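Trainee: Handing you a structure now.
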Amino acid sequence: MSTLCAGCGHDSVTGALVQAAFELDIPPHRMAKLSGIGCSSKTPAYFLRQSHGFNSVHGRMPSVATGANAANGSLSYVGVSGDGDTLSIGMGQFTHAVRRNLNMLYIIENNGVYGLTKGQFSASADLGSKAKKGDANQQPPIDPCQVVLALGGSFAARSFSGDKQQLVPLIKAGLAHRGFAVIDVISPCVTFNDHEGSTKSYKFTRDHYHPAIHADYVPPSQEILAEYDEGSAMPVELHDGSKIVLRKIDEYYDPTDRSAALTQIQQAQTDGEIITGLLYIDESKPEMQEINRMPSVPLATMSYEKLCPGNDKLQALQDRFR
Amino acid sequence: MSTLCAGCGHDSVTGALVQAAFELDIPPHRMAKLSGIGCSSKTPAYFLRQSHGFNSVHGRMPSVATGANAANGSLSYVGVSGDGDTLSIGMGQFTHAVRRNLNMLYIIENNGVYGLTKGQFSASADLGSKAKKGDANQQPPIDPCQVVLALGGSFAARSFSGDKQQLVPLIKAGLAHRGFAVIDVISPCVTFNDHEGSTKSYKFTRDHYHPAIHADYVPPSQEILAEYDEGSAMPVELHDGSKIVLRKIDEYYDPTDRSAALTQIQQAQTDGEIITGLLYIDESKPEMQEINRMPSVPLATMSYEKLCPGNDKLQALQDRFR
Amino acid sequence: MSTRPGNNDFTVKIANVNGTGSASANALLMKTFFRMGIPVVGKNYFPSNIQGLPTWYEIRVSGEGYLARSGRVDVMVAMNAETYQKDLEEVAPGGYLIYDSTWPRAKTLHRDDISVIGIPLAKMCNEHFDTARSRVLMKNVAYVGAIAGLLDLDLDVIRDSLRQTFAAKAHLADANQQAIELGYNYVRENYQCPLPFQAIADNKTSDHVMIDGNTATALGCLYAGATVGAWYPITPSTSVMDAFKGFCEKYRVDPDTGENNYAIIQAEDELAAAGMVLGAGWSGARAFTPTSGPGISLMNEFLGYGYFTEIPAVFIDVQRCGPSTGMPTRTQQADVMSCAYASHGDTRHVLLFPANPEECFYMAVQAFDLAEQLQTPVIMLTDLDIGMNDWMAADFKWDDAYKPSRGKVLGEKELQEIEQFHRYLDSDGDAIPYRTLPGVHPKGAYFTRGSGHNMYGAYTEDAGEYQEIVDRLRRKWETAKCYVPQVEQEYSEQYRTGIIAYGSSDGAVREARDQLHKAGVGTNYLRVKAFPFTDDVQEFLDAHDRIYVVEQNRDAQLHNLLLLETRVSQEKLIPILHYNGLPINAAVITDRISQEVDKVVAA
Amino acid sequence: MSTRPGNNDFTVKIANVNGTGSASANALLMKTFFRMGIPVVGKNYFPSNIQGLPTWYEIRVSGEGYLARSGRVDVMVAMNAETYQKDLEEVAPGGYLIYDSTWPRAKTLHRDDISVIGIPLAKMCNEHFDTARSRVLMKNVAYVGAIAGLLDLDLDVIRDSLRQTFAAKAHLADANQQAIELGYNYVRENYQCPLPFQAIADNKTSDHVMIDGNTATALGCLYAGATVGAWYPITPSTSVMDAFKGFCEKYRVDPDTGENNYAIIQAEDELAAAGMVLGAGWSGARAFTPTSGPGISLMNEFLGYGYFTEIPAVFIDVQRCGPSTGMPTRTQQADVMSCAYASHGDTRHVLLFPANPEECFYMAVQAFDLAEQLQTPVIMLTDLDIGMNDWMAADFKWDDAYKPSRGKVLGEKELQEIEQFHRYLDSDGDAIPYRTLPGVHPKGAYFTRGSGHNMYGAYTEDAGEYQEIVDRLRRKWETAKCYVPQVEQEYSEQYRTGIIAYGSSDGAVREARDQLHKAGVGTNYLRVKAFPFTDDVQEFLDAHDRIYVVEQNRDAQLHNLLLLETRVSQEKLIPILHYNGLPINAAVITDRISQEVDKVVAA
Ligand SMILES: Cc1ncc(C[n+]2csc(CCOP(=O)(O)OP(=O)(O)O)c2C)c(N)n1
Ligand SMILES: Cc1ncc(C[n+]2csc(CCOP(=O)(O)OP(=O)(O)O)c2C)c(N)n1
Ligand code: SF4
Ligand code: SF4
Ligand SMILES: [Mg+2]
Ligand SMILES: [Mg+2]
């Protein structure tokens, strides 16, 4: 089904999305899939054929999702983007979606390059990472997770397309989270950025992969299993009664403390480690619909009668203008 | 000269700029002033008449400055922008100027509103800050200093238009710094955001003002005065031999430790404090011209002979295409 | 073609400094004429700045109901020393200049052919009012009183207005009243009152309101059932969303739940605003974004996307003076071409051209209907003159039987019944396909993309499949001609000279035609209300030997669209262009046409 | 109008899967014809994807030197099972289809009117090569060998090419040579060779190169002395900057210091790229940005800014198939209108239309000269066909006496001498003011702004001062007509039918004219090279009764510019439009014109 290169990380993300949607049992037509432009942004074309899909223009998917969500907040929104799509051309819209705490899952299939335009460095390319032809990138990377934390966002996770075990529950948690859930998925580009010297290759990622905090999604009905022991397990209750159970792999990591999380992420960056897991979550922040006191009936389907004040009111109103 | 409202914070910033330029004795025609659109962006029209000025389009000054700098890195570049101009429409370009470590002083005259379009909340409006008509802002602010730190920028400062003592040396330090020097200046809008309930009013700023680290600029020729005692004074040597002497007001504040600075800034944010001073500096990062190995002779004035390979080379080259 | 003032036919212009609170005084003055039953329009010339620069307010009193600038100042209230000289020069011979005689007037500034009326406004107000702020404000109210005295305005009307305005604050009403009287009494005592031209109460304003176009546009959006408004502030469109917000707070908050039956999103820029309305339109909401020229430039990519993917959305361009940042507080009609063909590739957009606030109201509703019927972005082009100035308009009426035309949307039931849904199939032969909304039914799912797609909605790079889609889009353009509003025409077979105009140029054309008619030059008139052009446009072009196309831009943009999209021959079309940022007046048209007629006669 | 193939007159098309490394095999094949002295063009039809989708390479061998698609396939190399049926259908009657007979062919896929040549490519390669990768690659080289056998290509030429390509890796040269021989020998042994049409060595390619337009454009930028290139990757313009970077690394790195005498900035998006080139142009560098349609849409605001503030900069639009994302790997000429009038307000831009790589080279240089002479953005419009396909072009020559025309820039000395500098004064009466560069002299300082300014460069909201500037800009447009490149014409008084075309449509028009001429239909031809149009365009229009305007877009965009910017009457202009994303071929034109001529004759 996919038209990506054989072995492309993005296809594994598609697989994880399919599995998560299946496990959550979301009716496909109650989900909307959006994207920008890029190999990564083709992802929505490869899963849930019975969901509406929206492949927008390059870097501007967040605004489309914002409008769609304003019109109909009752759907689950999944956005899939690339590092170019999000962190270069899309940086402005991405940051403002974070700020609005738009209720959606936003996945960045991060490969450190522009795949579709054949391998230029993207803004997530690490300092010193080598291009296929050998040039080393000389600018610091933009790390979407740090950006989310600096902006006061509500959900930042990182994962790896090669680790479905970690990724699937993260996707479920992101879908269940009320607010803007960002998952930065390292998703190697086998064609343009999987060579020696690249810091976004399969090998480099596996070698420097450091899970810090594991997140399990527990549906509303289900009890939290006792197997987590108190010290390391931390259930975060979601709005619908479901839970995300955070399990510390790194003893010192606290995914509910913004500054501490940032410090850890920056430390890992300095150490050349790829720190992964649900790096930060704050379930208490209101999302866009709440902030705007939007009605439970979607605006898109609200009856016209509720919207039009009618002629009498119009006549009364016009007295102001006389 | 200025056509801003009487009492506008931006005029004080103009004053500080004039003083700093005077004290540094920069020949005005060796300086270029750039801006976007907004009351703040009018600032360059009010100082140094013998400097070239460039009032670009809304939010896109960083790109113009990048091009100008690429063409001629031998000038001093000062950009003046607003919170709307930088953090809303300009967020994408701003973050990428940080990433490129473009060698310029970038001042944000931050008033929490769009002055020129009459008082809408900007993206720097604090949670709960009240508009003139009473609505409270419900979205978290984007703090340019946190953004600089999250992106691995090289210079982040905050100040207040009402504190020339602090601002003038910061401007001098920013001009002397090789790289992208961001100064977030709280600069109250007397017309639309200086009322009770606003967190960007003169009163609120004065009341919650918290200087953490003072920066003095010391020209190359001058010795650092002995009056600073070892513990609290920290000289940072600049490329041209001048120095920035950092004086700790907050004992625990370390403006050379990125994570620690971020933590402090976020803590202040939580506490409702406006932490000011040279919040972060890293003089070791290469700026754009260095990264690109640009020549000492500006490209803008490089002789054509150096640029054109000539017909012989062209003929030789074409053998590749046969 | 400058005439003399007469009763109910004169222009008062007030020169002031912005930020000194003259707006409410000027509004009071306007309202007084209006409530006396005399037609009036007000035009505000303000700087792109918040405080301290010159600003003017021009009130044209016209018993005939003319709406354009008169191009003449009969009474100048010169409150701004900085522009005094210019203001003095602008007074028509025989006119009056009012100034604050608290301070002596420069001797050098002098004219023999006008009368100067000095009033010690500051002095009187300083004597009568306590606070610095009230002294500044009351000076403005006092000149209203002086004008009332000079032009014989109805003091009762003024008193009632003040009472109404300050219903909750009686002391303010009194203070204002006192200021009125200061001015009034001073001129009555010191000058011969009234002037040779006066305000005579009439009954020509009943069933009318005074309103600006942006407020009317917002009302239209409200009544159209628009629910999602995304925008980024920009002069002169900002007040559209301000007004929409005000109306929504009043009429759209659920009294039971306190929930907002609307969403207003202040976007981070215009690209985002465009994306938001497309996202909302795709989801099934009526969504709109008001903006101005620079915003349209930034929305180009998304406009092309909306065209190609066929998403309904309403864009409102309140045009200002370009190019680039231009003069944000001056008017022009110069975005016509860039809106018509916005975006790279073969694109074309439906445009609407309201001429006044009344049409802003009704056409805003049409814009939503058209966008959904045609499944495409619709751009309504107003301008600063319409949008921000004060116009007299016939009362707006709402037909409670109105139902939004949602176009071809398949609902749950229909989807259940059909075999399979294909997004871009031309099943009805009108080139308009069916669409579905997300969340309704699994069978409705399709994939929206700005890349090549075929009639089934699938991705394609096939030459034939691709062309099928763009050919259908072109056919849809033909369909659009049957949906867009018809022109307005005044036609008589005896005339071979036509005038074509649109939008805010209408008032000046109407006045010019009267003037020309009086001078023995008969013309027909067609006002274009929409693009694509309806068949009447071609007929009108065919029926005339020469057609003047009057518009407010340098490059003759509607003229250009006529050349491209009708079969008119170039020699017949004569552009009359006015583009200095001030609203056009009749003289520009009258002078040009009568000159040419003279030439023809002389030849 | 399909003819039969003949010697040195046939088309070979290779159907493959992208990402399987066929590019170098196809290039080898192209080069072989070229080195045998036979004119040839290659067109690549590739998907907007990296690996796994169908891709085609079409080689037209034309002794006559025709450059357009032939619209005919004489030999199809069907390497992609997925497109087999389509590829089979496309072969011209009497043509040949080569397939990999390692696997049996589906019986259902059959045609009686062509010859099928099976070659066990995979089998042979599997037997002869070890690694999986080399087996895949060598299959491609083997079909080149087969074609060599069938068409009688010169094996020595192939051998030399391989040696040259793999100069450093002899074992690769050997392996490739072996694969060539596998294919060659197989067909020689199993089929009648050569085919009835063959390649006959000739001498028509000396003093020529094979080059694509993007490489040529980059070379032009290099020789023009461009120093700042800002860009955001987008197909099909990306290779412009790739090539520029390559040339700069070779010719612009200071051998002593290792410093780069150039700056290439990968921008965060196209808005930023546009801002960068304006900033660099303002500073005095020659700056350019290559992009494609969506980028042009995003650059709209800055293009208007550049126009109004009069900053030189070069924009290169390598057009692709729109609207919106459209088909990024297909070609069109559909950004003409949006470039001509890009941005809101009254704006207009100088455009250049190179027709082939050779002109890309020379016109890129002209673009920089024009931008600086006229102080305005100049947009050079090429397209995917020119930019990314392989063309034969006469050797590029460089006049070492060339000096860049920097236009009216006041230097340090001049500034020292003058009293005062005013940025926007029309001192010379040609509507082009003087400018200064930052950093040169305090007297040169001025303030650049996109808001209203007067001729002294000061901010203004004054109607008259503002208008003075935009009127001068319009006069500058007239001046531009004297600077832009002239048209190319073929004119004979005996013909009353003209053809106008531009850019990549040129090749098809030339071929069509020959065909028409043979059929007794004489036409004249004018190729437009620039906008604004020079006077010759008007003369040509005047001199003909009917003029066909041939272009590759749906909405007749150049036709539209002609209507707007000349005095031509509409009935005379007849659009011939081709816009399915494939490059136009001669038949589209020949068929249409001969049909209409028949109609005229019949009537
Ligand atoms: C406005 C615009 N500019 C440029 C492009 C070309 N383009 C397509 S995808 C892409 C980059 C994609 O990179 P990324 O988002 O990282 O996705 P990836 O292919 O690596 O998954 C670019 C530059 C475009 N489609 N639109
Ligand atoms: C593309 C575009 N959109 C909108 C505007 C209108 N506009 C002018 S200034 C401004 C906001 C300015 O806010 P800020 O940068 O905070 O400056 P301030 O006036 O508060 O100093 C806006 C929205 C514009 N000029 N251009
Ligand atoms: S080019 Fe890279 S990102 Fe694109 S499909 Fe191939 S492997 Fe994936
Ligand atoms: S509106 Fe506010 S920001 Fe603008 S000049 Fe006035 S005080 Fe300053
Ligand atoms: Mg990527
Ligand atoms: Mg502001």
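Ligands are numbered from 1 in the order shown, residues from 1 within each chain, and chains are lettered A, B, ... in the order they appear in the structure tokens.
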Using DSSP secondary structure from the backbone, list all helix (DSSP H, G or I) positions within region 154-278 of chain A, as a PyMOL selection string.

Mentor: chain A and resi 164-176+202-208+258-271

Trainee: Hey, can you spit out that residue selection with C-alpha atoms as an mmCIF file, in the first residue's frame?

Mentor:
data_model
loop_
_atom_site.group_PDB
_atom_site.id
_atom_site.type_symbol
_atom_site.label_atom_id
_atom_site.label_comp_id
_atom_site.auth_asym_id
_atom_site.auth_seq_id
_atom_site.Cartn_x
_atom_site.Cartn_y
_atom_site.Cartn_z
ATOM 1 C CA LYS A 164 6.851 -0.639 18.420
ATOM 2 C CA GLN A 165 6.692 -1.773 22.040
ATOM 3 C CA GLN A 166 7.295 1.763 23.132
ATOM 4 C CA LEU A 167 5.598 3.570 20.296
ATOM 5 C CA VAL A 168 2.184 1.934 20.277
ATOM 6 C CA PRO A 169 1.320 2.773 23.893
ATOM 7 C CA LEU A 170 2.670 6.280 23.376
ATOM 8 C CA ILE A 171 0.342 6.758 20.422
ATOM 9 C CA LYS A 172 -2.543 5.502 22.514
ATOM 10 C CA ALA A 173 -1.602 7.861 25.311
ATOM 11 C CA GLY A 174 -1.300 10.729 22.857
ATOM 12 C CA LEU A 175 -4.711 10.029 21.415
ATOM 13 C CA ALA A 176 -6.244 9.826 24.861
ATOM 14 C CA TYR A 202 18.986 2.925 12.445
ATOM 15 C CA LYS A 203 22.324 1.958 13.852
ATOM 16 C CA PHE A 204 23.086 5.222 15.573
ATOM 17 C CA THR A 205 19.599 5.388 17.007
ATOM 18 C CA ARG A 206 19.763 1.849 18.336
ATOM 19 C CA ASP A 207 23.209 2.464 19.776
ATOM 20 C CA HIS A 208 22.282 5.693 21.530
ATOM 21 C CA ARG A 258 8.884 20.744 33.266
ATOM 22 C CA SER A 259 12.250 22.204 34.226
ATOM 23 C CA ALA A 260 13.650 18.922 35.401
ATOM 24 C CA ALA A 261 12.545 17.206 32.235
ATOM 25 C CA LEU A 262 14.134 19.918 30.143
ATOM 26 C CA THR A 263 17.356 19.590 32.070
ATOM 27 C CA GLN A 264 17.423 15.852 31.528
ATOM 28 C CA ILE A 265 16.675 16.184 27.846
ATOM 29 C CA GLN A 266 19.400 18.761 27.399
ATOM 30 C CA GLN A 267 21.824 16.633 29.347
ATOM 31 C CA ALA A 268 21.055 13.684 27.119
ATOM 32 C CA GLN A 269 21.577 15.916 24.101
ATOM 33 C CA THR A 270 24.981 16.911 25.408
ATOM 34 C CA ASP A 271 25.810 13.277 26.040
#

Trainee: For chain B against chain C, which residues fall within 6 Å using only C-alpha atoms, given as an MDAnalysis selection string?

Mentor: chainID B and resid 5 88:89

Trainee: So that I can check the surroundings of Asn18 (chain D), please list as an MDAnalysis selection string every protein, DNA and RNA residue that reaches within 10 Å of it, counting only C-alpha atoms and ignoring chain neighbours fewer than 2 positions away.

Mentor: chainID D and resid 15:16 20:23 46:47 49:56 80

Trainee: Any idea which chain A residues end up within 10 Å of chain B if we count only C-alpha atoms, as a ChimeraX atom specification please?

Mentor: /A:87-96,98-101,123,137-153,258-267,285-288,291-292

Trainee: Please identify all protein, DNA and RNA residues within 9 Å of ligand 5, counting only C-alpha atoms and all ligand atoms, and report them as number ranges by chain.

Mentor: A: 38-40, 81-85, 108-116, 119-122, 124, 187-189

Trainee: Neighbours of region 177-194 of chain D within 10 Å (only C-alpha atoms; same-chain residues fewer than 5 positions away dropped), as a ChimeraX atom specification?

Mentor: /D:25,117-121,124-125,128-129,135,137-153,155,158-160,162-163,171-172,199

Trainee: Identify all residues of region 278-368 of chain D in strand (DSSP E) (DSSP on the backbone) and supply them as number ranges by chain.

Mentor: D: 287-291, 313-319, 350-352

Trainee: Suppose you want the space between CA of Gly444 (chain D) and CA of Phe421 (chain D); what is it in Å?

Mentor: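 If I compute the distance from CA of Gly444 (chain D) to CA of Phe421 (chain D), I get 6.2 Å.
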